[in-house]
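Visitor: Coordinates in query-v1.txt, compact mmCIF, C-alpha atoms, are listed below.
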```
# COMPACT_ATOMS: atom_id res chain seq x y z
CA MET A 1 18.74 -11.44 -6.09
CA THR A 2 21.90 -10.68 -8.05
CA ASP A 3 24.83 -8.96 -6.31
CA GLU A 4 24.43 -5.97 -8.63
CA ARG A 5 20.78 -5.48 -7.75
CA GLY A 6 21.63 -6.00 -4.07
CA HIS A 7 24.16 -3.16 -4.28
CA VAL A 8 21.52 -0.92 -5.88
CA TYR A 9 19.07 -1.76 -3.10
CA ASP A 10 21.76 -0.97 -0.51
CA PHE A 11 22.37 2.42 -2.11
CA ILE A 12 18.66 3.25 -2.40
CA THR A 13 18.11 2.38 1.26
CA ARG A 14 20.97 4.61 2.39
CA ARG A 15 19.77 7.54 0.31
CA LEU A 16 16.15 7.01 1.32
CA VAL A 17 16.81 7.24 5.06
CA LYS A 18 18.87 10.38 4.45
CA GLY A 19 15.86 12.01 2.83
CA LYS A 20 17.56 12.20 -0.57
CA ILE A 21 14.99 10.13 -2.49
CA VAL A 22 11.55 11.43 -3.47
CA PRO A 23 9.06 8.55 -3.84
CA VAL A 24 6.64 9.22 -6.72
CA LEU A 25 3.49 7.16 -6.26
CA GLY A 26 1.11 5.84 -8.91
CA ALA A 27 -2.12 3.84 -8.64
CA GLY A 28 -0.25 0.53 -8.63
CA VAL A 29 0.91 1.06 -5.03
CA ASN A 30 -2.69 0.63 -3.86
CA LEU A 31 -2.88 -2.95 -5.14
CA TRP A 32 -0.50 -4.51 -2.61
CA LYS A 33 -2.43 -6.86 -0.29
CA ARG A 34 -5.59 -4.89 -0.77
CA PRO A 35 -8.71 -6.51 0.67
CA PRO A 36 -10.24 -7.95 -1.50
CA PRO A 37 -7.67 -8.62 -4.26
CA SER A 38 -10.01 -7.37 -7.01
CA PHE A 39 -11.54 -3.90 -6.95
CA GLU A 40 -14.77 -3.41 -5.02
CA ARG A 41 -16.07 0.11 -4.63
CA GLY A 42 -16.01 1.20 -1.00
CA ARG A 43 -13.67 -1.59 0.14
CA CYS A 44 -10.44 -0.83 -1.72
CA LEU A 45 -8.91 1.49 -4.30
CA PRO A 46 -8.71 0.90 -8.06
CA SER A 47 -5.83 0.77 -10.49
CA GLY A 48 -5.99 3.21 -13.40
CA THR A 49 -7.46 0.51 -15.67
CA GLU A 50 -10.04 -0.46 -13.06
CA LEU A 51 -11.06 3.18 -12.63
CA ALA A 52 -11.45 3.50 -16.40
CA ASP A 53 -13.65 0.37 -16.35
CA GLU A 54 -15.81 1.93 -13.61
CA LEU A 55 -16.32 5.06 -15.71
CA VAL A 56 -17.23 2.98 -18.76
CA ARG A 57 -19.85 1.12 -16.71
CA TYR A 58 -21.16 4.47 -15.48
CA LEU A 59 -21.84 5.37 -19.10
CA GLY A 60 -23.58 2.06 -19.75
CA ASP A 61 -20.69 0.04 -21.20
CA VAL A 62 -20.26 2.26 -24.26
CA GLN A 63 -17.56 1.28 -26.72
CA ILE A 64 -14.43 3.35 -26.13
CA GLU A 65 -11.21 2.36 -27.83
CA GLY A 66 -8.79 1.09 -25.21
CA ARG A 67 -9.05 1.66 -21.47
CA ASP A 68 -6.81 4.70 -21.20
CA LEU A 69 -8.06 6.60 -18.13
CA ALA A 70 -7.47 10.07 -19.57
CA ARG A 71 -9.35 9.18 -22.77
CA VAL A 72 -12.26 7.54 -20.93
CA SER A 73 -12.49 10.48 -18.50
CA GLN A 74 -12.48 12.89 -21.43
CA TYR A 75 -15.38 10.97 -22.99
CA VAL A 76 -17.38 11.16 -19.74
CA ALA A 77 -16.73 14.89 -19.38
CA THR A 78 -17.71 15.51 -23.01
CA LEU A 79 -20.86 13.41 -22.87
CA ALA A 80 -22.11 14.18 -19.35
CA GLY A 81 -20.11 17.18 -18.15
CA GLU A 82 -17.35 17.62 -15.60
CA GLY A 83 -19.89 17.79 -12.77
CA PRO A 84 -21.07 14.18 -13.23
CA LEU A 85 -17.46 13.05 -13.78
CA GLY A 86 -16.48 14.65 -10.47
CA GLU A 87 -19.45 13.04 -8.71
CA GLU A 88 -18.44 9.60 -9.95
CA LEU A 89 -14.81 10.11 -8.91
CA ARG A 90 -15.91 11.26 -5.46
CA ASP A 91 -18.07 8.16 -5.10
CA VAL A 92 -14.98 6.02 -5.82
CA PHE A 93 -12.44 7.90 -3.69
CA ASP A 94 -14.42 9.48 -0.84
CA ARG A 95 -14.22 6.24 1.12
CA ASP A 96 -12.30 5.13 4.18
CA CYS A 97 -10.43 2.35 2.40
CA PRO A 98 -7.69 1.00 4.68
CA PRO A 99 -4.09 2.05 3.96
CA THR A 100 -1.95 -0.82 2.68
CA PRO A 101 1.34 -2.08 4.19
CA PHE A 102 3.07 0.07 1.57
CA HIS A 103 1.52 3.25 2.99
CA HIS A 104 2.56 2.25 6.50
CA PHE A 105 6.11 1.57 5.28
CA LEU A 106 6.27 5.15 3.96
CA VAL A 107 5.31 6.47 7.39
CA HIS A 108 7.87 4.16 9.00
CA VAL A 109 10.66 5.58 6.81
CA ALA A 110 9.40 9.17 7.10
CA ARG A 111 9.66 8.98 10.89
CA CYS A 112 13.15 7.50 10.60
CA VAL A 113 14.23 10.37 8.32
CA ARG A 114 12.70 13.00 10.61
CA GLU A 115 14.51 11.60 13.64
CA SER A 116 17.81 10.94 11.85
CA LYS A 117 20.88 13.03 12.67
CA GLU A 118 22.19 12.48 9.14
CA ALA A 119 19.15 13.79 7.26
CA HIS A 120 19.04 17.56 6.84
CA GLU A 121 15.39 17.58 5.77
CA CYS A 122 12.32 15.41 6.14
CA MET A 123 10.85 13.37 3.28
CA LEU A 124 8.98 14.76 0.31
CA ILE A 125 6.42 12.30 -1.06
CA VAL A 126 4.93 13.04 -4.49
CA THR A 127 1.74 11.29 -5.59
CA THR A 128 -0.51 11.48 -8.62
CA ASN A 129 -3.19 9.45 -6.82
CA TYR A 130 -6.51 11.01 -5.88
CA ASP A 131 -7.17 9.07 -2.65
CA ASP A 132 -6.10 10.06 0.86
CA CYS A 133 -4.59 6.75 2.02
CA VAL A 134 -1.12 8.22 2.51
CA GLU A 135 -2.48 10.94 4.78
CA ARG A 136 -4.57 8.51 6.79
CA ALA A 137 -1.58 6.20 7.26
CA PHE A 138 0.34 9.15 8.73
CA LYS A 139 -2.58 9.95 11.03
CA ASP A 140 -2.90 6.29 12.08
CA GLN A 141 0.71 6.38 13.31
CA SER A 142 0.52 9.94 14.72
CA GLU A 143 3.30 11.09 12.40
CA PRO A 144 3.09 14.83 11.55
CA TYR A 145 2.94 15.95 7.92
CA GLU A 146 1.99 18.88 5.73
CA LEU A 147 -0.10 18.61 2.58
CA VAL A 148 0.25 20.41 -0.75
CA THR A 149 -2.47 19.79 -3.34
CA TYR A 150 -2.78 21.06 -6.91
CA ILE A 151 -6.01 22.99 -7.61
CA ALA A 152 -7.42 21.98 -11.00
CA ARG A 153 -10.57 24.08 -11.16
CA GLY A 154 -12.23 27.23 -9.82
CA ARG A 155 -10.77 30.69 -9.29
CA ASP A 156 -7.56 29.27 -7.81
CA ARG A 157 -6.97 26.90 -10.72
CA GLY A 158 -3.29 26.36 -11.47
CA PHE A 159 -2.05 26.97 -7.91
CA PHE A 160 -1.21 24.66 -5.03
CA ARG A 161 -3.08 24.63 -1.73
CA HIS A 162 -0.99 24.20 1.46
CA VAL A 163 -2.60 22.65 4.53
CA THR A 164 -0.36 22.76 7.59
CA ALA A 165 -0.10 20.19 10.37
CA ASP A 166 -2.48 22.46 12.32
CA CYS A 167 -5.00 22.37 9.42
CA ASP A 168 -4.46 26.01 8.42
CA MET A 169 -4.98 26.46 4.66
CA THR A 170 -3.20 28.81 2.25
CA VAL A 171 -3.43 29.08 -1.54
CA ILE A 172 0.15 29.47 -2.80
CA ARG A 173 -0.19 32.28 -5.35
CA LYS A 174 3.53 33.14 -5.53
CA PRO A 175 5.37 29.80 -5.52
CA ASN A 176 8.82 31.39 -5.91
CA GLU A 177 8.29 33.40 -2.72
CA TYR A 178 6.46 30.88 -0.54
CA VAL A 179 8.70 29.59 2.26
CA ASP A 180 6.16 28.35 4.82
CA LEU A 181 6.57 24.67 3.91
CA ARG A 182 8.82 23.34 6.67
CA LEU A 183 10.65 20.31 5.32
CA ASP A 184 13.14 20.83 8.13
CA GLN A 185 10.40 19.87 10.60
CA ARG A 186 8.02 17.37 9.01
CA THR A 187 7.21 15.32 5.91
CA VAL A 188 5.46 17.02 3.00
CA ILE A 189 2.96 15.09 0.86
CA ALA A 190 2.52 16.71 -2.57
CA LYS A 191 -0.59 15.69 -4.51
CA VAL A 192 0.37 17.03 -7.89
CA HIS A 193 -2.76 16.00 -9.83
CA GLY A 194 -5.31 17.02 -7.25
CA SER A 195 -7.26 14.88 -4.82
CA VAL A 196 -10.54 14.05 -3.21
CA ASP A 197 -10.73 16.68 -0.46
CA ARG A 198 -13.40 16.24 2.19
CA ILE A 199 -12.96 19.80 3.52
CA HIS A 200 -11.80 22.16 0.76
CA GLY A 201 -13.45 20.50 -2.24
CA ASP A 202 -12.35 17.97 -4.83
CA SER A 203 -9.94 18.78 -7.62
CA PHE A 204 -8.84 16.29 -10.26
CA VAL A 205 -6.41 16.39 -13.19
CA ILE A 206 -7.71 13.35 -15.08
CA THR A 207 -9.07 14.11 -18.57
CA GLU A 208 -6.97 14.73 -21.67
CA ASP A 209 -8.01 18.40 -21.56
CA HIS A 210 -6.95 18.61 -17.90
CA TYR A 211 -3.49 17.30 -18.71
CA ILE A 212 -3.07 19.65 -21.66
CA ASP A 213 -4.07 22.58 -19.46
CA TYR A 214 -1.76 21.35 -16.69
CA ILE A 215 1.22 21.28 -19.04
CA ALA A 216 0.44 24.62 -20.66
CA ARG A 217 -0.66 26.61 -17.61
CA ALA A 218 2.63 27.15 -15.78
CA ASP A 219 6.35 27.22 -16.36
CA PRO A 220 7.58 23.94 -14.84
CA THR A 221 10.37 25.78 -13.01
CA SER A 222 7.86 28.06 -11.21
CA LEU A 223 4.96 25.69 -10.54
CA PHE A 224 6.22 24.17 -7.29
CA PRO A 225 6.67 26.22 -4.09
CA VAL A 226 10.31 27.22 -3.69
CA THR A 227 10.99 24.82 -0.80
CA LEU A 228 9.76 21.83 -2.79
CA ALA A 229 11.47 23.00 -5.97
CA ALA A 230 14.81 23.05 -4.14
CA LYS A 231 14.19 19.54 -2.83
CA LEU A 232 13.30 18.23 -6.29
CA ARG A 233 16.43 19.72 -7.83
CA GLU A 234 18.72 17.71 -5.56
CA SER A 235 16.97 14.38 -5.09
CA HIS A 236 16.67 10.99 -6.73
CA PHE A 237 13.20 9.91 -7.87
CA LEU A 238 11.76 6.48 -7.07
CA PHE A 239 8.74 5.66 -9.25
CA LEU A 240 6.36 3.12 -7.74
CA GLY A 241 3.14 1.84 -9.26
CA TYR A 242 3.56 3.25 -12.78
CA SER A 243 3.89 2.29 -16.40
CA LEU A 244 5.23 4.91 -18.80
CA ARG A 245 2.10 4.33 -20.86
CA ASP A 246 0.24 6.24 -18.14
CA TRP A 247 -0.65 9.80 -19.12
CA ASN A 248 -0.20 11.08 -15.59
CA LEU A 249 3.36 9.80 -15.33
CA ARG A 250 4.42 11.34 -18.63
CA VAL A 251 3.04 14.68 -17.44
CA ILE A 252 4.67 14.56 -14.01
CA LEU A 253 8.00 13.56 -15.59
CA TYR A 254 7.84 16.77 -17.61
CA ARG A 255 7.42 18.70 -14.37
CA LEU A 256 10.07 16.87 -12.35
CA TRP A 257 12.69 16.90 -15.09
CA GLY A 258 12.11 20.65 -15.47
CA GLU A 259 12.95 21.14 -11.80
CA GLN A 260 16.26 19.28 -12.05
CA GLU A 261 17.55 21.66 -14.75
CA GLY A 262 19.84 19.07 -16.30
CA LYS A 263 21.45 17.92 -13.05
CA THR A 264 22.13 14.21 -12.82
CA TYR A 265 20.49 12.30 -10.00
CA LYS A 266 19.87 8.65 -10.82
CA SER A 267 16.23 7.61 -10.70
CA TRP A 268 14.59 4.19 -10.53
CA ALA A 269 11.26 2.65 -11.50
CA ILE A 270 9.91 -0.43 -9.75
CA GLN A 271 8.05 -2.35 -12.44
CA LYS A 272 7.57 -6.09 -12.52
CA ASP A 273 7.73 -7.68 -16.00
CA PRO A 274 8.13 -4.43 -17.99
CA ASP A 275 7.56 -4.80 -21.71
CA ARG A 276 9.94 -3.56 -24.41
CA VAL A 277 8.12 -0.24 -24.84
CA ASP A 278 8.43 0.57 -21.14
CA ARG A 279 12.10 -0.45 -21.07
CA VAL A 280 12.97 1.82 -23.99
CA ALA A 281 10.84 4.69 -22.66
CA TRP A 282 12.36 4.59 -19.18
CA ASP A 283 15.87 4.27 -20.63
CA GLU A 284 15.35 7.35 -22.81
CA ARG A 285 14.55 9.29 -19.64
CA GLY A 286 17.57 8.03 -17.74
CA VAL A 287 15.52 5.90 -15.35
CA ASP A 288 16.70 2.42 -14.41
CA ILE A 289 14.03 -0.28 -14.12
CA LEU A 290 14.23 -2.60 -11.13
CA PRO A 291 12.13 -5.60 -12.25
CA ALA A 292 10.35 -6.45 -9.00
CA SER A 293 6.93 -6.18 -7.47
CA VAL A 294 6.39 -3.29 -5.07
CA GLU A 295 5.93 -5.83 -2.28
CA ASP A 296 9.25 -7.60 -2.95
CA PHE A 297 11.07 -4.29 -3.35
CA ILE A 298 9.78 -2.88 -0.05
CA SER A 299 10.58 -6.16 1.73
CA ALA A 300 14.16 -5.94 0.42
CA LEU A 301 14.50 -2.34 1.61
CA GLU A 302 13.12 -3.09 5.06
CA GLN A 303 15.76 -5.78 5.52
CA ARG A 304 18.41 -3.14 4.83
CA LEU A 305 17.15 -0.39 7.14
CA PRO A 306 19.67 0.80 9.75
CA PRO A 307 19.22 -0.32 13.38
CA GLU A 308 17.53 2.90 14.48
CA CYS A 309 14.83 2.36 11.83
CA VAL A 310 14.50 -1.38 12.42
CA ALA A 311 13.72 -0.58 16.06
CA LEU A 312 10.48 0.99 14.87
CA PRO A 313 7.42 -1.28 14.48
CA SER A 314 7.61 -3.22 11.23
CA ALA A 315 5.38 -1.61 8.62
CA LEU A 316 4.94 -4.96 6.88
CA ASN A 317 3.33 -6.45 9.98
CA LEU A 318 0.78 -3.68 10.51
```
When written as structure tokens, how does the structure in this file appear?
Guide:
Amino acid sequence: MTDERGHVYDFITRRLVKGKIVPVLGAGVNLWKRPPPSFERGRCLPSGTELADELVRYLGDVQIEGRDLARVSQYVATLAGEGPLGEELRDVFDRDCPPTPFHHFLVHVARCVRESKEAHECMLIVTTNYDDCVERAFKDQSEPYELVTYIARGRDRGFFRHVTADCDMTVIRKPNEYVDLRLDQRTVIAKVHGSVDRIHGDSFVITEDHYIDYIARADPTSLFPVTLAAKLRESHFLFLGYSLRDWNLRVILYRLWGEQEGKTYKSWAIQKDPDRVDRVAWDERGVDILPASVEDFISALEQRLPPECVALPSALNL
């Protein structure tokens, strides 16, 4: 590792344990050490391309140009309806697939931030993934959290749902006035494109029409509850498991950049072997690429954690 990259890793680690970095998680984070290494329904979680392949097989291997998940999902919804699309997504994600070492590392750091005397708030974790591996990793380690999930359909479409650590549920109808999210007490997991939900019902932003509606439905500066909006305005973003060719990342960037209102907080994307298109696209958005695998990046951060965090059980050995 070059000295320059080592200095960047040092800085990211310091800011992370102070709660000043918001990890933004894409499907690629689920691929680290997953058992088995290739996708098998019910045993592990898919990448975006693998999920698109599953939907194509569901239709009988029809010919769809490319394997863009939003386009393939749109085709399924148009041909079969959103009901069958939702059923197929539930069959993929309503499984008890084991959290990966990456998910356990997040919990490890979240606990360190919560217990730190230097951090003024707990972590905010943003994910566009539909699975519940992050939540189950927190439960596995008995680390408290609160959950905020975007509602993509039904009468509450366009709002977020807040589920407290005590499992009380509230639909956040006035985001600018909602102050019951307690980042001063526990981590908040924000599922900004919906999720499989075994209690309150599934909700997915996944088709091209969904993304268009998601962009058009709300002012980006009033979509997030006020507590989260304040956190987003004064944090760095760390993108893990994404390519900028992903529809869902381009949409969430629109939301996140809207919250920062032109303020400058350096952001980073962890992307091994990025191609020229990704390099240019990230650069245009002021995001620095760190060319490493998620596994190598997390290993480098863990080596840099302060003593009070290192004293916790190693997430990489779970």
Visitor: Set the distance at 12 Å and use all atoms listed in the file: which residues neighbour A:Val62 once local chain neighbours fewer than 4 positions away are removed? I'd like the list as a PyMOL selection string.
Guide: chain A and resi 52-58+66-67+72+75-76+79
Visitor: (1.4, -3.0, -12.1) in this file's frame - what residues fall within 10 Å of it? Use all atoms listed in the file and give the answer as a list in words.
Guide: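 Residues satisfying the cut-off, written out: Gly26, Ala27, Gly28, Val29, Asn30, Leu31, Trp32, Ser47, Gly48, Leu240, Gly241, Tyr242, Ser243, Ile270, Gln271, Lys272, Asp273, Pro274, Ser293 and Val294 of chain A.
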Visitor: Go through A:Asp288, A:Asp68, A:Glu40, A:Asp184 one by one, measure the shortest atom-to-atom distance of each to A:Glu115 using only C-alpha atoms, and give the residue with the smallest value.
Guide: A:Asp184
Visitor: Can you list, as an mmCIF file with C-alpha atoms, in the frame of the given file, every protein, DNA or RNA residue that comes within 12 Å of A:Leu106 when you count only C-alpha atoms, leaving out same-chain residues fewer than 5 positions away?
Guide:
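What ended up in result17.cif:
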```cif
data_model
loop_
_atom_site.group_PDB
_atom_site.id
_atom_site.type_symbol
_atom_site.label_atom_id
_atom_site.label_comp_id
_atom_site.auth_asym_id
_atom_site.auth_seq_id
_atom_site.Cartn_x
_atom_site.Cartn_y
_atom_site.Cartn_z
ATOM 1 C CA LEU A 16 16.150 7.010 1.320
ATOM 2 C CA VAL A 17 16.810 7.240 5.060
ATOM 3 C CA GLY A 19 15.860 12.010 2.830
ATOM 4 C CA ILE A 21 14.990 10.130 -2.490
ATOM 5 C CA VAL A 22 11.550 11.430 -3.470
ATOM 6 C CA PRO A 23 9.060 8.550 -3.840
ATOM 7 C CA VAL A 24 6.640 9.220 -6.720
ATOM 8 C CA LEU A 25 3.490 7.160 -6.260
ATOM 9 C CA VAL A 29 0.910 1.060 -5.030
ATOM 10 C CA PRO A 99 -4.090 2.050 3.960
ATOM 11 C CA THR A 100 -1.950 -0.820 2.680
ATOM 12 C CA PRO A 101 1.340 -2.080 4.190
ATOM 13 C CA ARG A 111 9.660 8.980 10.890
ATOM 14 C CA CYS A 112 13.150 7.500 10.600
ATOM 15 C CA VAL A 113 14.230 10.370 8.320
ATOM 16 C CA MET A 123 10.850 13.370 3.280
ATOM 17 C CA LEU A 124 8.980 14.760 0.310
ATOM 18 C CA ILE A 125 6.420 12.300 -1.060
ATOM 19 C CA VAL A 126 4.930 13.040 -4.490
ATOM 20 C CA CYS A 133 -4.590 6.750 2.020
ATOM 21 C CA VAL A 134 -1.120 8.220 2.510
ATOM 22 C CA GLU A 135 -2.480 10.940 4.780
ATOM 23 C CA ARG A 136 -4.570 8.510 6.790
ATOM 24 C CA ALA A 137 -1.580 6.200 7.260
ATOM 25 C CA PHE A 138 0.340 9.150 8.730
ATOM 26 C CA GLN A 141 0.710 6.380 13.310
ATOM 27 C CA GLU A 143 3.300 11.090 12.400
ATOM 28 C CA TYR A 145 2.940 15.950 7.920
ATOM 29 C CA THR A 187 7.210 15.320 5.910
ATOM 30 C CA VAL A 188 5.460 17.020 3.000
ATOM 31 C CA ILE A 189 2.960 15.090 0.860
ATOM 32 C CA LEU A 240 6.360 3.120 -7.740
ATOM 33 C CA ILE A 298 9.780 -2.880 -0.050
ATOM 34 C CA LEU A 301 14.500 -2.340 1.610
ATOM 35 C CA GLU A 302 13.120 -3.090 5.060
ATOM 36 C CA CYS A 309 14.830 2.360 11.830
ATOM 37 C CA SER A 314 7.610 -3.220 11.230
ATOM 38 C CA ALA A 315 5.380 -1.610 8.620
ATOM 39 C CA LEU A 316 4.940 -4.960 6.880
#
```
Visitor: Excluding same-chain residues fewer than 4 positions from A:Val171, what lies within 12 Å of it counting all atoms listed in the file, as a PyMOL selection string?
Guide: chain A and resi 147-151+155-164+175+178+180+200+225
Visitor: Could you check how far atom CA of A:Asp202 sits from atom CA of A:Arg34, in Å to one decimal?
Guide: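 Answer for the atom CA of A:Asp202 to atom CA of A:Arg34 separation: 24.2 Å.
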Visitor: Enter the distance from atom CA of A:Cys122 to atom CA of A:Thr227, in Å, rounded to one decimal.
Guide: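 Spanning atom CA of A:Cys122 to atom CA of A:Thr227 is a straight-line distance of 11.8 Å.
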Visitor: Of the candidates A:Leu238, A:Ala229, A:Ala152, A:Ile206, which shows the shortest atom-to-atom distance to A:Val179, using only C-alpha atoms?
Guide: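 The shortest atom-to-atom distance to A:Val179 comes from A:Ala229.
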Visitor: Show me, as lines of an AutoDock Vina configuration file, the centre and edge lengths in Å to one decimal of the axis-aligned box that covers every listed atom of stretch 107-116 of chain A with 3 Å on each side.
Guide:
```
center_x = 11.6
center_y = 8.6
center_z = 10.2
size_x = 18.5
size_y = 14.8
size_z = 12.8
```
Visitor: In Å, rounded to a single decimal, give me how far atom CA of A:Pro291 is from atom CA of A:Tyr9.
Guide: 12.1 Å
Visitor: Leaving out A:Trp268 and any residue of its chain fewer than 3 positions from it, which residues lie within 9 Å of it when counting all atoms listed in the file, given as a ChimeraX atom specification?
Guide: /A:236-240,282,286-290
Visitor: Have stretch 128-149 of chain A completed to N, CA and C atoms, please, and pass it along as a PDB file, in the coordinates of the input.
Guide:
```pdb
ATOM      1  N   THR A 128       0.498  11.092  -7.641  1.00  0.00           N
ATOM      2  CA  THR A 128      -0.510  11.480  -8.620  1.00  0.00           C
ATOM      3  C   THR A 128      -1.844  10.819  -8.326  1.00  0.00           C
ATOM      4  N   ASN A 129      -1.940  10.115  -7.197  1.00  0.00           N
ATOM      5  CA  ASN A 129      -3.190   9.450  -6.820  1.00  0.00           C
ATOM      6  C   ASN A 129      -4.177  10.436  -6.222  1.00  0.00           C
ATOM      7  N   TYR A 130      -5.462  10.112  -6.336  1.00  0.00           N
ATOM      8  CA  TYR A 130      -6.510  11.010  -5.880  1.00  0.00           C
ATOM      9  C   TYR A 130      -7.025  10.671  -4.485  1.00  0.00           C
ATOM     10  N   ASP A 131      -6.673   9.502  -3.952  1.00  0.00           N
ATOM     11  CA  ASP A 131      -7.170   9.070  -2.650  1.00  0.00           C
ATOM     12  C   ASP A 131      -6.373   9.723  -1.526  1.00  0.00           C
ATOM     13  N   ASP A 132      -6.798   9.482  -0.287  1.00  0.00           N
ATOM     14  CA  ASP A 132      -6.100  10.060   0.860  1.00  0.00           C
ATOM     15  C   ASP A 132      -5.510   8.992   1.776  1.00  0.00           C
ATOM     16  N   CYS A 133      -5.134   7.839   1.203  1.00  0.00           N
ATOM     17  CA  CYS A 133      -4.590   6.750   2.020  1.00  0.00           C
ATOM     18  C   CYS A 133      -3.248   7.105   2.649  1.00  0.00           C
ATOM     19  N   VAL A 134      -2.405   7.845   1.932  1.00  0.00           N
ATOM     20  CA  VAL A 134      -1.120   8.220   2.510  1.00  0.00           C
ATOM     21  C   VAL A 134      -1.338   9.075   3.750  1.00  0.00           C
ATOM     22  N   GLU A 135      -2.217  10.069   3.640  1.00  0.00           N
ATOM     23  CA  GLU A 135      -2.480  10.940   4.780  1.00  0.00           C
ATOM     24  C   GLU A 135      -3.042  10.165   5.962  1.00  0.00           C
ATOM     25  N   ARG A 136      -3.962   9.257   5.689  1.00  0.00           N
ATOM     26  CA  ARG A 136      -4.570   8.510   6.790  1.00  0.00           C
ATOM     27  C   ARG A 136      -3.576   7.554   7.440  1.00  0.00           C
ATOM     28  N   ALA A 137      -2.625   7.027   6.664  1.00  0.00           N
ATOM     29  CA  ALA A 137      -1.580   6.200   7.260  1.00  0.00           C
ATOM     30  C   ALA A 137      -0.720   7.025   8.213  1.00  0.00           C
ATOM     31  N   PHE A 138      -0.416   8.277   7.836  1.00  0.00           N
ATOM     32  CA  PHE A 138       0.340   9.150   8.730  1.00  0.00           C
ATOM     33  C   PHE A 138      -0.459   9.433  10.010  1.00  0.00           C
ATOM     34  N   LYS A 139      -1.753   9.678   9.852  1.00  0.00           N
ATOM     35  CA  LYS A 139      -2.580   9.950  11.030  1.00  0.00           C
ATOM     36  C   LYS A 139      -2.688   8.713  11.919  1.00  0.00           C
ATOM     37  N   ASP A 140      -2.798   7.539  11.301  1.00  0.00           N
ATOM     38  CA  ASP A 140      -2.900   6.290  12.080  1.00  0.00           C
ATOM     39  C   ASP A 140      -1.697   6.113  12.998  1.00  0.00           C
ATOM     40  N   GLN A 141      -0.520   6.565  12.531  1.00  0.00           N
ATOM     41  CA  GLN A 141       0.710   6.380  13.310  1.00  0.00           C
ATOM     42  C   GLN A 141       1.154   7.672  14.005  1.00  0.00           C
ATOM     43  N   SER A 142       0.260   8.668  14.018  1.00  0.00           N
ATOM     44  CA  SER A 142       0.520   9.940  14.720  1.00  0.00           C
ATOM     45  C   SER A 142       1.828  10.584  14.272  1.00  0.00           C
ATOM     46  N   GLU A 143       2.107  10.476  12.980  1.00  0.00           N
ATOM     47  CA  GLU A 143       3.300  11.090  12.400  1.00  0.00           C
ATOM     48  C   GLU A 143       2.902  12.403  11.723  1.00  0.00           C
ATOM     49  N   PRO A 144       3.498  13.536  12.110  1.00  0.00           N
ATOM     50  CA  PRO A 144       3.090  14.830  11.550  1.00  0.00           C
ATOM     51  C   PRO A 144       3.470  14.956  10.074  1.00  0.00           C
ATOM     52  N   TYR A 145       2.663  15.693   9.330  1.00  0.00           N
ATOM     53  CA  TYR A 145       2.940  15.950   7.920  1.00  0.00           C
ATOM     54  C   TYR A 145       2.257  17.239   7.500  1.00  0.00           C
ATOM     55  N   GLU A 146       2.680  17.759   6.357  1.00  0.00           N
ATOM     56  CA  GLU A 146       1.990  18.880   5.730  1.00  0.00           C
ATOM     57  C   GLU A 146       1.573  18.447   4.332  1.00  0.00           C
ATOM     58  N   LEU A 147       0.500  19.044   3.840  1.00  0.00           N
ATOM     59  CA  LEU A 147      -0.100  18.610   2.580  1.00  0.00           C
ATOM     60  C   LEU A 147      -0.113  19.760   1.579  1.00  0.00           C
ATOM     61  N   VAL A 148       0.304  19.438   0.353  1.00  0.00           N
ATOM     62  CA  VAL A 148       0.250  20.410  -0.750  1.00  0.00           C
ATOM     63  C   VAL A 148      -0.514  19.754  -1.891  1.00  0.00           C
ATOM     64  N   THR A 149      -1.595  20.389  -2.335  1.00  0.00           N
ATOM     65  CA  THR A 149      -2.470  19.790  -3.340  1.00  0.00           C
ATOM     66  C   THR A 149      -2.687  20.754  -4.499  1.00  0.00           C
TER      67      THR A 149
END
```
